[in-house]
>>> print(open('final_0.cif').read())   # mmCIF, C-alpha atoms
data_coords
loop_
_atom_site.label_atom_id
_atom_site.label_comp_id
_atom_site.auth_asym_id
_atom_site.auth_seq_id
_atom_site.Cartn_x
_atom_site.Cartn_y
_atom_site.Cartn_z
CA MET A 23 0.00 0.00 0.00
CA THR A 24 1.36 3.37 -0.93
CA PHE A 25 1.34 5.77 1.96
CA ILE A 26 1.36 9.41 1.01
CA LEU A 27 2.44 11.84 3.68
CA ASP A 28 1.12 15.19 2.60
CA ASP A 29 0.05 18.43 4.21
CA ILE A 30 -3.64 17.49 4.37
CA LEU A 31 -2.97 14.14 6.00
CA LEU A 32 -0.70 15.77 8.56
CA LYS A 33 -3.43 18.26 9.38
CA GLU A 34 -5.99 15.52 9.73
CA ILE A 35 -3.95 13.66 12.30
CA GLY A 36 -3.33 16.89 14.18
CA LEU A 37 0.29 17.41 13.26
CA GLU A 38 1.50 20.81 12.24
CA MET A 39 4.82 21.31 10.51
CA PRO A 40 5.59 25.03 10.48
CA GLY A 41 6.97 25.14 6.94
CA VAL A 42 4.25 22.94 5.47
CA SER A 43 1.47 24.82 7.27
CA LEU A 44 2.75 28.13 6.06
CA LEU A 45 2.99 26.79 2.54
CA TRP A 46 -0.59 25.48 2.82
CA ALA A 47 -1.79 28.88 4.01
CA PHE A 48 -0.03 30.58 1.10
CA GLU A 49 -1.59 28.11 -1.31
CA GLN A 50 -5.04 28.83 0.07
CA LEU A 51 -4.47 32.56 -0.24
CA ARG A 52 -3.16 32.20 -3.77
CA ASP A 53 -6.11 30.01 -4.81
CA PHE A 54 -8.57 32.42 -3.24
CA ALA A 55 -6.97 35.41 -4.97
CA PHE A 56 -6.95 33.51 -8.27
CA LYS A 57 -10.61 32.56 -7.96
CA GLU A 58 -11.56 36.14 -7.09
CA LEU A 59 -9.58 37.60 -9.97
CA TYR A 60 -10.58 35.07 -12.58
CA ASN A 61 -14.10 34.16 -11.55
CA PRO A 62 -16.21 34.58 -14.74
CA ASP A 63 -19.42 35.20 -12.77
CA LYS A 64 -17.79 37.90 -10.73
CA ILE A 65 -16.37 39.56 -13.84
CA LYS A 66 -19.79 39.39 -15.54
CA GLY A 67 -21.21 41.14 -12.47
CA LEU A 68 -18.59 43.89 -12.78
CA ILE A 69 -19.43 44.31 -16.48
CA LYS A 70 -23.09 44.77 -15.58
CA GLU A 71 -22.26 47.17 -12.77
CA ASN A 72 -20.07 49.22 -15.10
CA ARG A 73 -22.92 49.39 -17.62
CA LEU A 74 -25.40 50.44 -14.95
CA LEU A 75 -23.10 53.20 -13.70
CA PHE A 76 -22.85 54.47 -17.28
CA GLU A 77 -26.61 54.32 -17.79
CA PHE A 78 -27.18 56.25 -14.57
CA GLY A 79 -24.75 58.92 -15.75
CA GLU A 80 -22.08 58.22 -13.12
CA LEU A 81 -19.50 57.34 -15.77
CA ALA A 82 -18.61 59.16 -18.98
CA ARG A 83 -18.75 57.08 -22.19
CA GLU A 84 -14.95 57.01 -22.44
CA GLU A 85 -14.53 55.76 -18.88
CA TYR A 86 -17.24 53.17 -19.43
CA GLU A 87 -15.73 51.89 -22.67
CA GLU A 88 -12.21 51.70 -21.25
CA LYS A 89 -13.35 49.75 -18.19
CA ASN A 90 -15.63 47.54 -20.30
CA ASP A 91 -12.77 46.59 -22.65
CA GLU A 92 -10.58 45.76 -19.70
CA LEU A 93 -13.28 43.60 -18.11
CA LEU A 94 -14.03 41.80 -21.38
CA ARG A 95 -10.34 40.95 -21.72
CA LYS A 96 -10.37 39.58 -18.17
CA LEU A 97 -13.54 37.59 -18.88
CA LYS A 98 -11.99 35.96 -21.94
CA LEU A 99 -8.97 34.97 -19.89
CA ALA A 100 -11.14 33.64 -17.10
CA GLN A 101 -13.28 31.62 -19.50
CA ARG A 102 -10.20 30.16 -21.15
CA GLY A 103 -8.86 29.27 -17.72
CA GLU A 104 -12.13 27.59 -16.89
CA GLU A 105 -12.10 25.60 -20.14
CA MET A 106 -8.59 24.43 -19.34
CA ASN A 107 -9.75 23.57 -15.82
CA LEU A 108 -6.79 25.19 -14.19
CA GLN A 109 -8.29 24.75 -10.75
CA VAL A 110 -7.70 21.01 -10.84
CA ARG A 111 -4.52 20.04 -9.14
CA SER A 112 -3.24 17.07 -11.07
CA ASP A 113 -0.83 14.55 -9.71
CA ILE A 114 1.89 14.50 -12.32
CA PHE A 115 3.71 11.60 -10.63
CA GLY A 116 0.63 9.38 -10.74
CA ALA A 117 1.14 8.46 -7.06
CA ARG A 118 -2.38 7.12 -6.61
CA MET B 1 -18.88 36.07 -42.67
CA SER B 2 -20.75 36.91 -45.89
CA GLY B 3 -19.24 36.21 -49.30
CA ALA B 4 -19.56 34.17 -52.44
CA VAL B 5 -19.36 30.84 -50.62
CA PRO B 6 -22.37 30.31 -48.37
CA GLU B 7 -21.44 29.31 -44.82
CA SER B 8 -22.68 25.92 -43.74
CA GLY B 9 -23.04 26.80 -40.04
CA ARG B 10 -26.42 27.96 -38.70
CA TYR B 11 -26.56 30.63 -36.01
CA VAL B 12 -29.78 30.57 -33.98
CA TYR B 13 -31.16 33.85 -32.58
CA CYS B 14 -34.48 32.65 -31.18
CA ILE B 15 -37.38 30.30 -31.81
CA ILE B 16 -40.90 31.29 -32.81
CA LYS B 17 -44.16 29.56 -33.64
CA SER B 18 -44.00 28.63 -37.29
CA PRO B 19 -45.27 31.39 -39.59
CA GLY B 20 -46.31 28.63 -42.04
CA GLU B 21 -43.64 29.27 -44.62
CA LYS B 22 -40.04 30.53 -44.78
CA LYS B 23 -39.95 34.11 -43.59
CA SER B 24 -37.10 36.55 -44.09
CA PHE B 25 -36.34 39.34 -41.61
CA GLY B 26 -33.83 41.00 -43.96
CA ASN B 27 -30.04 41.19 -44.00
CA ILE B 28 -29.66 42.05 -40.33
CA GLY B 29 -27.58 39.08 -39.14
CA PHE B 30 -23.85 38.88 -38.40
CA GLY B 31 -21.89 40.47 -41.25
CA GLY B 32 -25.11 41.56 -42.97
CA THR B 33 -26.34 38.00 -43.56
CA GLU B 34 -30.00 37.23 -44.12
CA VAL B 35 -32.02 36.30 -41.05
CA TYR B 36 -34.72 33.79 -41.89
CA THR B 37 -36.85 31.02 -40.46
CA LEU B 38 -36.37 27.30 -40.81
CA GLU B 39 -39.40 25.06 -40.52
CA TYR B 40 -39.42 22.38 -37.85
CA ARG B 41 -42.91 20.96 -37.31
CA ASP B 42 -44.92 23.87 -35.87
CA LEU B 43 -41.85 25.74 -34.57
CA SER B 44 -39.29 27.81 -36.44
CA PRO B 45 -35.77 28.63 -35.37
CA VAL B 46 -34.81 32.11 -36.58
CA ILE B 47 -31.35 31.72 -38.06
CA SER B 48 -28.67 33.05 -40.36
CA ASN B 49 -25.88 31.25 -42.15
CA ALA B 50 -22.67 31.68 -40.23
CA ALA B 51 -19.16 30.41 -39.94
CA MET B 52 -18.62 27.71 -37.34
CA LYS B 53 -16.65 29.60 -34.73
CA LYS B 54 -16.75 30.58 -31.14
CA PHE B 55 -18.67 33.84 -30.84
CA GLU B 56 -16.66 36.13 -28.58
CA VAL B 57 -18.36 38.25 -25.99
CA SER B 58 -18.18 41.75 -27.44
CA ASP B 59 -20.59 44.66 -27.31
CA GLU B 60 -20.86 44.82 -31.11
CA GLU B 61 -21.65 41.15 -31.72
CA ALA B 62 -23.98 40.86 -28.73
CA GLU B 63 -25.75 43.95 -30.07
CA VAL B 64 -26.37 42.24 -33.44
CA HIS B 65 -27.94 39.26 -31.66
CA LYS B 66 -30.04 41.56 -29.48
CA LYS B 67 -31.26 43.69 -32.41
CA VAL B 68 -32.34 40.64 -34.40
CA VAL B 69 -34.27 39.19 -31.47
CA LEU B 70 -35.95 42.55 -30.77
CA GLN B 71 -36.99 42.89 -34.40
CA VAL B 72 -38.43 39.36 -34.48
CA MET B 73 -40.15 40.08 -31.18
CA SER B 74 -41.98 43.06 -32.63
CA GLU B 75 -44.04 40.61 -34.70
CA HIS B 76 -43.85 37.27 -32.84
CA SER B 77 -43.64 35.75 -29.37
CA VAL B 78 -40.11 34.47 -29.06
CA LEU B 79 -38.25 31.79 -27.16
CA PRO B 80 -34.86 33.38 -26.61
CA VAL B 81 -31.72 31.40 -27.33
CA ALA B 82 -28.41 32.18 -25.65
CA TYR B 83 -25.92 34.32 -27.55
CA GLY B 84 -23.32 32.29 -29.43
CA MET B 85 -25.44 29.26 -30.34
CA VAL B 86 -24.14 28.09 -33.70
CA PHE B 87 -24.63 24.67 -35.25
CA LYS B 88 -22.30 23.00 -37.70
CA ASN B 89 -25.03 22.52 -40.28
CA LYS B 90 -28.78 22.48 -40.86
CA LYS B 91 -29.00 18.77 -40.10
CA LEU B 92 -27.51 19.15 -36.61
CA LEU B 93 -29.85 22.04 -35.89
CA GLN B 94 -32.79 19.83 -36.84
CA VAL B 95 -31.49 17.11 -34.53
CA ALA B 96 -31.37 19.65 -31.69
CA MET B 97 -34.89 20.88 -32.54
CA SER B 98 -36.12 17.32 -32.42
CA ALA B 99 -34.46 16.68 -29.04
CA GLY B 100 -35.83 19.88 -27.54
CA TYR B 101 -39.22 19.95 -29.23
CA LYS B 102 -41.31 18.92 -26.23
CA ALA B 103 -39.64 21.39 -23.85
CA MET B 104 -39.91 24.15 -26.45
CA LYS B 105 -43.61 23.53 -27.03
CA LYS B 106 -44.20 23.80 -23.28
CA ALA B 107 -42.16 27.00 -23.04
CA VAL B 108 -43.92 28.56 -26.04
CA LYS B 109 -47.23 28.01 -24.29
CA GLU B 110 -45.95 29.65 -21.10
CA VAL B 111 -44.52 32.76 -22.70
CA ASP B 112 -46.90 33.18 -25.61
CA ASN B 113 -47.99 36.79 -25.94
CA LYS B 114 -45.89 37.79 -22.94
CA VAL B 115 -42.79 39.91 -22.54
CA GLU B 116 -40.15 40.38 -19.88
CA LEU B 117 -39.76 43.70 -18.10
CA GLY B 118 -36.85 44.50 -15.83
CA VAL B 119 -36.66 46.67 -12.73
CA LYS B 120 -33.50 47.60 -10.87
CA ILE B 121 -33.20 49.81 -7.81
CA PHE B 122 -29.79 51.34 -7.29
CA LEU B 123 -28.60 53.30 -4.28
CA PRO B 124 -26.96 56.62 -5.05
CA LYS B 125 -23.36 57.01 -3.89
CA GLY B 126 -23.10 57.32 -0.15
CA LEU B 127 -26.65 56.27 0.65
CA ALA B 128 -26.70 53.16 2.75
CA GLY B 129 -29.12 51.76 5.25
CA LYS B 130 -30.76 48.42 5.65
CA GLU B 131 -34.16 49.94 6.39
CA VAL B 132 -34.27 51.92 3.17
CA LYS B 133 -33.18 48.86 1.22
CA GLY B 134 -35.78 46.52 2.67
CA GLN B 135 -38.59 49.03 2.45
CA TYR B 136 -38.14 49.81 -1.24
CA ARG B 137 -37.41 46.24 -2.15
CA SER B 138 -40.66 44.91 -0.73
CA ALA B 139 -42.77 47.86 -1.93
CA PHE B 140 -41.62 47.31 -5.53
CA LEU B 141 -41.83 43.53 -5.40
CA ASP B 142 -45.31 43.47 -3.87
CA GLY B 143 -46.68 46.13 -6.18
CA LEU B 144 -45.24 44.64 -9.36
CA LYS B 145 -45.97 40.99 -8.62
CA ASN B 146 -49.65 41.95 -8.69
CA LYS B 147 -49.26 43.30 -12.21
CA SER B 148 -47.35 40.36 -13.65
CA VAL B 149 -47.82 36.69 -14.43
CA GLN B 150 -44.50 35.61 -12.95
CA SER B 151 -41.52 37.30 -11.35
CA LYS B 152 -37.97 36.38 -10.66
CA GLU B 153 -35.40 38.03 -8.41
CA LEU B 154 -32.02 38.14 -10.09
CA LYS B 155 -28.47 38.36 -8.80
CA LEU B 156 -27.47 41.57 -7.04
CA PHE B 157 -24.24 42.13 -8.93
CA SER B 158 -23.36 45.38 -7.18
CA GLU B 159 -23.30 46.38 -3.52
CA ARG B 160 -25.39 49.39 -4.44
CA LEU B 161 -28.07 47.33 -6.11
CA ILE B 162 -30.99 46.61 -3.80
CA LEU B 163 -33.38 45.05 -6.27
CA ASN B 164 -32.81 43.32 -9.58
CA ALA B 165 -35.96 41.64 -10.78
CA ALA B 166 -37.57 40.40 -13.99
CA PHE B 167 -41.31 40.24 -14.53
CA LEU B 168 -43.25 38.28 -17.11
CA VAL B 169 -46.12 40.45 -18.27
CA ASP B 170 -48.94 39.99 -20.78
CA ARG B 171 -48.42 42.25 -23.79
CA GLY B 172 -51.77 43.81 -23.04
CA GLY B 173 -50.73 44.58 -19.46
CA ILE B 174 -47.54 46.51 -20.23
CA ASP B 175 -49.12 49.96 -19.77
CA ASP B 176 -50.64 49.00 -16.46
CA PHE B 177 -47.30 47.60 -15.27
CA SER B 178 -45.46 50.73 -16.44
CA ALA B 179 -47.91 52.97 -14.58
CA GLU B 180 -47.27 50.98 -11.38
CA VAL B 181 -43.50 51.32 -11.84
CA GLU B 182 -43.93 55.07 -12.29
CA ARG B 183 -46.11 55.32 -9.18
CA LEU B 184 -43.59 53.37 -7.09
CA ALA B 185 -40.62 55.33 -8.47
CA GLU B 186 -42.29 58.63 -7.54
CA GLY B 187 -42.36 57.47 -3.95
CA ALA B 188 -38.71 56.50 -4.04
CA ALA B 189 -37.03 59.71 -5.08
CA ASP B 190 -33.87 59.07 -3.05
CA VAL B 191 -32.93 55.95 -5.04
CA LYS B 192 -32.35 55.38 -8.73
CA VAL B 193 -34.82 53.19 -10.54
CA GLN B 194 -34.14 51.61 -13.90
CA TYR B 195 -37.08 50.20 -15.80
CA SER B 196 -36.25 48.31 -18.99
CA GLY B 197 -37.91 46.28 -21.72
CA PRO B 198 -39.88 44.84 -23.27
CA TRP B 199 -37.37 42.01 -23.60
CA PRO B 200 -37.71 38.43 -24.78
CA PRO B 201 -38.46 36.27 -21.71
CA TYR B 202 -34.78 35.43 -21.08
CA ASN B 203 -35.28 34.78 -17.39
CA PHE B 204 -38.38 32.64 -17.76
CA VAL B 205 -37.22 30.16 -20.37
CA ASP B 206 -34.55 27.65 -19.50
CA ILE B 207 -34.17 25.12 -22.27
CA ARG B 208 -30.80 23.46 -22.16
CA ILE B 209 -31.58 20.71 -24.60
CA LEU B 210 -30.01 22.65 -27.47
CA SER B 211 -26.69 22.37 -25.76
CA ARG B 212 -25.36 22.24 -22.21
CA GLN B 213 -22.94 24.97 -23.07
CA ARG B 214 -22.61 27.85 -25.43
CA GLY B 215 -21.70 26.81 -28.96
CA GLY B 216 -24.28 24.20 -29.90
CA PHE B 217 -23.31 20.86 -31.43
CA ARG B 218 -19.92 20.89 -33.04
#
>>> encode(input="final_0.cif", output="structure tokens")
Amino acid sequence: MTFILDDILLKEIGLEMPGVSLLWAFEQLRDFAFKELYNPDKIKGLIKENRLLFEFGELAREEYEEKNDELLRKLKLAQRGEEMNLQVRSDIFGAR
Amino acid sequence: MSGAVPESGRYVYCIIKSPGEKKSFGNIGFGGTEVYTLEYRDLSPVISNAAMKKFEVSDEEAEVHKKVVLQVMSEHSVLPVAYGMVFKNKKLLQVAMSAGYKAMKKAVKEVDNKVELGVKIFLPKGLAGKEVKGQYRSAFLDGLKNKSVQSKELKLFSERLILNAAFLVDRGGIDDFSAEVERLAEGAADVKVQYSGPWPPYNFVDIRILSRQRGGFR
């Protein structure tokens, strides 16, 4: 039986290794930031909000268009990321 | 997209009850292509010939789709189809129509002679307060639910948005609904109210049989 000692297993049995825990925390932060930045639903929400601000006269056309282009670029990236399923952490060594 | 060689892909804008024979809506499709109906039993997808490609999300292209649907809607009740739905050829479109026929027939019945109207309430900069939010939200929802056949609360995509709702309204009841919106908006002068439509019933039709994702059958 292959026994894999990884950060999650260590946490489950109540062991904390300072380096590993810190790395885990960084990974969580990175994943959270990534999801926030490249979440297509969130970006679609920002596109709608930008449009609404323009329609209510809070943004000039130029400001609206500039922001809209930027958000559309981000959305394309996010959708490509989603298609490639970048969130899945694959085990390249085939340990399991 | 237009040119000497006709494209074999079929872009679908919406679905209507069959007008009985092929109907053209003019050259208003992507790249100035003709928008026309295809017959499938008693339903007709409204389509144009198009290249098989992924339709990018851009204001210009989404606007073409929107304009076509609005024009068709001025004469027919429509079942909206998501932007970017293109089929490799006529045959695959017919296969999809066949697979989705039952669900489409049911949806046509539900939205026949009805339109969608949208209402958003937006807080001006600096105005916050849970009481204000709750008060306006329920006043609008209660008042407008009485004037509509169905309603749906949609995602609040901004922190300043306190209501985002869609209402399915009989064509004949639009004026009555609009008068109620006006009455409610007059009593809510400290917030911004956006009233939009009539739209195709995007939020009241959910047929996924055409494809689980944008892009149709490839």
>>> closest_atom_pairs(input="final_0.cif", of="chain A", to="chain B", cutoff="8 Å", atoms="only C-alpha atoms", output="Markdown table")
| residue | atom | partner | partner_atom | distance |
| --- | --- | --- | --- | --- |
| A:Lys64 | CA | B:Phe157 | CA | 7.9 |
| A:Gly67 | CA | B:Phe157 | CA | 4.8 |
| A:Leu68 | CA | B:Phe157 | CA | 7.1 |
| A:Lys70 | CA | B:Phe157 | CA | 7.2 |
| A:Glu71 | CA | B:Ser158 | CA | 6.0 |
| A:Phe78 | CA | B:Lys192 | CA | 7.8 |
| A:Leu94 | CA | B:Val57 | CA | 7.3 |
| A:Lys98 | CA | B:Val57 | CA | 7.9 |
>>> residues_around(input="final_0.cif", residues="Glu87 (chain A)", least_positions_apart="3", cutoff="10 Å", atoms="all atoms listed in the file", output="list in words")
Asn72, Arg73, Phe76, Leu81, Ala82, Arg83, Glu84, Asn90, Asp91, Glu92 and Leu93 of chain A; Asp59 of chain B
>>> resolve_selection(input="final_0.cif", expression="the PyMOL selection byres ((chain B and resi 164) around 7)", output="PyMOL selection string")
chain B and resi 119-121+153-156+162-163+165
>>> resolve_selection(input="final_0.cif", expression="the PyMOL selection byres ((chain B and resi 96-106) around 10)", output="PyMOL selection string")
chain B and resi 15-17+40-45+79+87+90-95+107-111+205-211+216-217
>>> residues_around(input="final_0.cif", residues="region 25-27 of chain B", least_positions_apart="2", cutoff="10 Å", atoms="all atoms listed in the file", output="ChimeraX atom specification")
/B:23,29-37,46-48,68,71-72
>>> write_last_selection(input="final_0.cif", atoms="C-alpha atoms", output="short mmCIF file (atom, residue, chain, number, x, y, z; two decimals), in the frame of the given file")
data_model
loop_
_atom_site.label_atom_id
_atom_site.label_comp_id
_atom_site.auth_asym_id
_atom_site.auth_seq_id
_atom_site.Cartn_x
_atom_site.Cartn_y
_atom_site.Cartn_z
CA LYS B 23 -39.95 34.11 -43.59
CA GLY B 29 -27.58 39.08 -39.14
CA PHE B 30 -23.85 38.88 -38.40
CA GLY B 31 -21.89 40.47 -41.25
CA GLY B 32 -25.11 41.56 -42.97
CA THR B 33 -26.34 38.00 -43.56
CA GLU B 34 -30.00 37.23 -44.12
CA VAL B 35 -32.02 36.30 -41.05
CA TYR B 36 -34.72 33.79 -41.89
CA THR B 37 -36.85 31.02 -40.46
CA VAL B 46 -34.81 32.11 -36.58
CA ILE B 47 -31.35 31.72 -38.06
CA SER B 48 -28.67 33.05 -40.36
CA VAL B 68 -32.34 40.64 -34.40
CA GLN B 71 -36.99 42.89 -34.40
CA VAL B 72 -38.43 39.36 -34.48
#
>>> atom_distance(input="final_0.cif", atom1="CA of Gly84 (chain B)", atom2="CA of Glu39 (chain B)")
20.8 Å
>>> atom_distance(input="final_0.cif", atom1="CA of Val78 (chain B)", atom2="CA of Gln101 (chain A)")
28.6 Å
>>> decode(input="final_0.cif", residues="region 76-90 of chain A", atoms="C-alpha atoms", output="short mmCIF file (atom, residue, chain, number, x, y, z; two decimals), in the first residue's frame")
data_model
loop_
_atom_site.label_atom_id
_atom_site.label_comp_id
_atom_site.auth_asym_id
_atom_site.auth_seq_id
_atom_site.Cartn_x
_atom_site.Cartn_y
_atom_site.Cartn_z
CA PHE A 76 -22.85 54.47 -17.28
CA GLU A 77 -26.61 54.32 -17.79
CA PHE A 78 -27.18 56.25 -14.57
CA GLY A 79 -24.75 58.92 -15.75
CA GLU A 80 -22.08 58.22 -13.12
CA LEU A 81 -19.50 57.34 -15.77
CA ALA A 82 -18.61 59.16 -18.98
CA ARG A 83 -18.75 57.08 -22.19
CA GLU A 84 -14.95 57.01 -22.44
CA GLU A 85 -14.53 55.76 -18.88
CA TYR A 86 -17.24 53.17 -19.43
CA GLU A 87 -15.73 51.89 -22.67
CA GLU A 88 -12.21 51.70 -21.25
CA LYS A 89 -13.35 49.75 -18.19
CA ASN A 90 -15.63 47.54 -20.30
#
